[in-house]
Each structure stands twice: as C-alpha cells, then as structure tokens.
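Novice: Take a look at the following structure, please.
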Amino acid sequence: MQKIGVIGLGMLGNAVALNLLDSDFKVTAYNRTREKTTQLKEKGATIVESPKEVAENSELVIIIVKDANAVKQISFEDSGIIKGNHEKLIVADMSTIDPLESKNISKKFQDFNINKLDIPVMGGPNIAITGDLVMMASGNKGSFEECEKVFKTIANKVFFIGESGVAHSVKLAMNLQITMLALALAEGITLVKKSDVDPKIFLEILNSTYFKTGMSEKKAYKMIDGKYDATFTLANLKKDITTMTNAAKSLGIKLPMITKAEEVYENAIKEGLGDIDYTGIIEYLKKINE
C-alpha cells in the first residue's frame, strides 16, 4: 500500500501528510481551503479538487476534519469519497468524533462495500511530523492489517482495540485527561501565585513527585510565562469536551467533572480565548480573579 489520500489539512493533517511524503508514500490531498495545500504541493503531493478525486487516486484515505458532520459531508455528499469508490479502497478516520456517530458512519460506508477504520491519535503536529504519534485503531481487523505499515509510519505506538467506534471512546477518555490536567495546573498556579509563592517552585515540587506529568514538565512553564503557541486550540478542546458530554448521555452515564469543565471552557471562549492553546485556560482564571 503506497497510495495514500489525506482529507483535511489543518495543523495535524498537514503534519501527517508531510511525514508520509518523507517516508516515500505517494500522497493525494484535498482541503476545502486551498491555500492550506501549498506546503504539501511544494513537497510533491498531488492536490485535487474533491474528496472523490482523493479516493480515486488512493488505496487508503485518511480523514482528519473537525467533527462528525464534516466527516459525513466529505464522505457521502456530492463529490464525496463514495463517488470515487473502487475495489481496493479503505477509509480511516483520524478525526475526534462521537463513538456512536463513528459506528453509524462505518455502517453507511459498508453500504458501498467500503471498510472504514477509526484511527484517532494522541500528540500534536510537532510529533506527527516525525511519526511519533500514539494511535488507537478499531474496525475491521483485516483492513487494519492491510494498513498497518502506513499506521506504523504515522505513529510509533499503534493499539488495535476492537470493533468500530471503540477507538473514539478511548480518544475521548484521553482528551478528558488533558482537560482535567490543564485545569488542575491552571488552578494550582493561580492558587500559589495569589499566596505570593513563585509558581515555578510549585512546579519543581510537583515534578519531584509521583504526580508529575508531561504537561507539568513542559507546558506548565509556558502557562506561567503566558506563552500559548497553539498546537491544539482551546476552542478545539471545547468541541471535544462537548463530544464527551454527548457520548456520556448516549451511554446513560454521568461524568460530573467534565460537565463542569465544559461550562468553564465555554466561558473562556466567550472571553475571546478560543484561538489560543488549550492551556490558555489559565487566562480565564486570571480574568475571573481580577
């Protein structure tokens, strides 16, 4: 399998496609906003005018778009993926979407004899470019095995975890961790600063304990310094939080902390913080404590 399609060239999609090009795969790409295709074109990717053309020229099409509605649009509407269907085509969705939506989308692809895999990942564009993501995959096992070489180029760890939809459940659970860690650090830093303690001392102590995380060792220092270079925006995390709360409702479970976090992030967006990195949630705490 050498002919790979990528639909959706945001920060993550662009980085994944660049890594595939560097690994000698033939990449065909589409993005609704044409100017985002420039870098890939310069690196040798074929840029086309529709998802249909991506499918026609690919053995595997990777979707990396905003939400389930966007996945359905580029898959099933006019000039969508299904219009470029052929015998060897496999579709893999790297978007973060509701597990139930993922199952329904997979069933609709099956109506056209297309196997769709779920392949959400952990890690931002800075590590996608080097193929060091962590991937959770689910769906048809045979299709997964056909694509495994490609997936191991994209990610340094690949976990196949079962039937359609379950990879997206784990992805939401992972992003729940991100949400809570960012809030915990933001509130901890705010607390010690108001107590006239250097927050870097707080981080040094935290990182000397069992409770340290990659976020506390790296991004937390940028939070103190007010540096929020967006690898994953606050608005995008809020979108995923809402997907978590909707998934919880469909499963009939209560997740009280993420429900509260959804409110906090929504308020932060209303304060104009949506376009900065999600760790910029600390700026919202500054605003409500002025």
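Quick note on naming: the chains in the structure tokens go A, B, ... in the order shown, residues restart at 1 in each chain, and ligands are numbered from 1 in order of appearance.
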Would you give me, as a Markdown table, each residue of range 135-237 of chain A having an atom within 8 Å of an atom of range 248-263 of chain A, along with its shortest atom pair and that distance in Å to one decimal, using only C-alpha atoms and sorting by chain and residue number?
Specialist:
```
| residue | atom | partner | partner_atom | distance |
| --- | --- | --- | --- | --- |
| A:Leu176 | CA | A:Ile258 | CA | 7.1 |
| A:Thr179 | CA | A:Ala261 | CA | 7.5 |
| A:Met180 | CA | A:Ala261 | CA | 7.8 |
```
Novice: Any idea what's packed within 8 Å of Leu181 in chain A, counting only C-alpha atoms, ignoring anything in its chain fewer than 4 positions away? Could you give it as a count of residues only?
Specialist: 3
Novice: When you count only C-alpha atoms, which of these residues is closest to Ile119 in chain A: A:Ile154, A:Ile269, A:Ile281, A:Leu89?
Specialist: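 The closest residue to Ile119 in chain A is A:Ile154.
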Novice: If we count only C-alpha atoms, what is near Met11 in chain A at a cut-off of 12 Å, once residues fewer than 3 positions away on the same chain are taken out, given as a PyMOL selection string?
Specialist: chain A and resi 8+14-18+31+36-37+39+64-66+123-129+230-233+236
Novice: Could you please determine the separation between CA of Lys108 in chain A and CA of Glu146 in chain A in Å, to one decimal place?
Specialist: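 Those two atoms sit 21.0 Å apart.
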Novice: Identify which of the residues A:Leu191, A:Ile178, A:Val134, A:Ile105 lies closest to Asn69 in chain A, counting only C-alpha atoms when measuring atom-to-atom distances.
Specialist: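 So, comparing all the options, the nearest one is A:Ile105.
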Novice: Report the residues of range 57-220 of chain A whose backbone DSSP state falls under strand (DSSP E or B), written as a count of residues only.
Specialist: 26
Novice: Residues within 9 Å of Ala220 in chain A, please, as a ChimeraX atom specification. Count only C-alpha atoms; anything in the same chain fewer than 2 positions from it doesn't count.
Specialist: /A:182,185-186,189,200,203,215-218,222-225,279
Novice: Save the residues we just selected, N, CA and C atoms, as a compact mmCIF listing (two decimals), in the first residue's frame?
Specialist:
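The resulting file, out_15.txt, is reproduced below:
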```
# COMPACT_ATOMS: atom_id res chain seq x y z
N ALA A 182 -5.02 20.24 32.45
CA ALA A 182 -4.86 21.67 32.16
C ALA A 182 -5.56 22.51 33.22
N LEU A 185 -3.59 22.27 36.65
CA LEU A 185 -2.38 23.10 36.63
C LEU A 185 -2.74 24.57 36.69
N ALA A 186 -3.74 24.97 35.92
CA ALA A 186 -4.14 26.38 35.91
C ALA A 186 -4.60 26.83 37.29
N ILE A 189 -1.49 26.83 39.79
CA ILE A 189 -0.63 28.00 39.57
C ILE A 189 -1.30 29.26 40.09
N LYS A 200 6.90 28.60 39.82
CA LYS A 200 7.92 27.66 39.33
C LYS A 200 8.42 26.76 40.46
N LEU A 203 5.88 24.04 40.60
CA LEU A 203 6.11 23.04 39.56
C LEU A 203 7.31 22.16 39.88
N MET A 215 2.68 17.33 30.85
CA MET A 215 2.18 18.70 30.81
C MET A 215 2.79 19.55 31.92
N SER A 216 2.93 18.97 33.10
CA SER A 216 3.51 19.74 34.21
C SER A 216 5.00 19.99 34.01
N GLU A 217 5.65 19.11 33.24
CA GLU A 217 7.08 19.26 33.00
C GLU A 217 7.38 20.20 31.83
N LYS A 218 6.41 20.41 30.95
CA LYS A 218 6.68 21.22 29.76
C LYS A 218 5.72 22.40 29.63
N LYS A 222 5.17 27.29 30.29
CA LYS A 222 4.67 28.26 29.31
C LYS A 222 3.40 28.93 29.84
N MET A 223 2.61 28.20 30.60
CA MET A 223 1.42 28.78 31.21
C MET A 223 1.80 29.91 32.16
N ILE A 224 2.86 29.68 32.93
CA ILE A 224 3.33 30.71 33.86
C ILE A 224 3.80 31.94 33.10
N ASP A 225 4.49 31.71 31.98
CA ASP A 225 5.05 32.82 31.21
C ASP A 225 4.06 33.44 30.22
N THR A 279 -4.11 25.29 27.01
CA THR A 279 -3.55 25.62 28.33
C THR A 279 -3.77 27.09 28.67
```
Novice: To test your reading of the structure, identify every residue in range 12-260 of chain A that backbone DSSP assigns to helix (DSSP H, G or I), and report it as a PyMOL selection string.
Specialist: chain A and resi 12-22+34-43+51-56+68-76+81-84+99-110+125-128+141-154+166-194+199-206+214-217+219-225+234-251+256-260
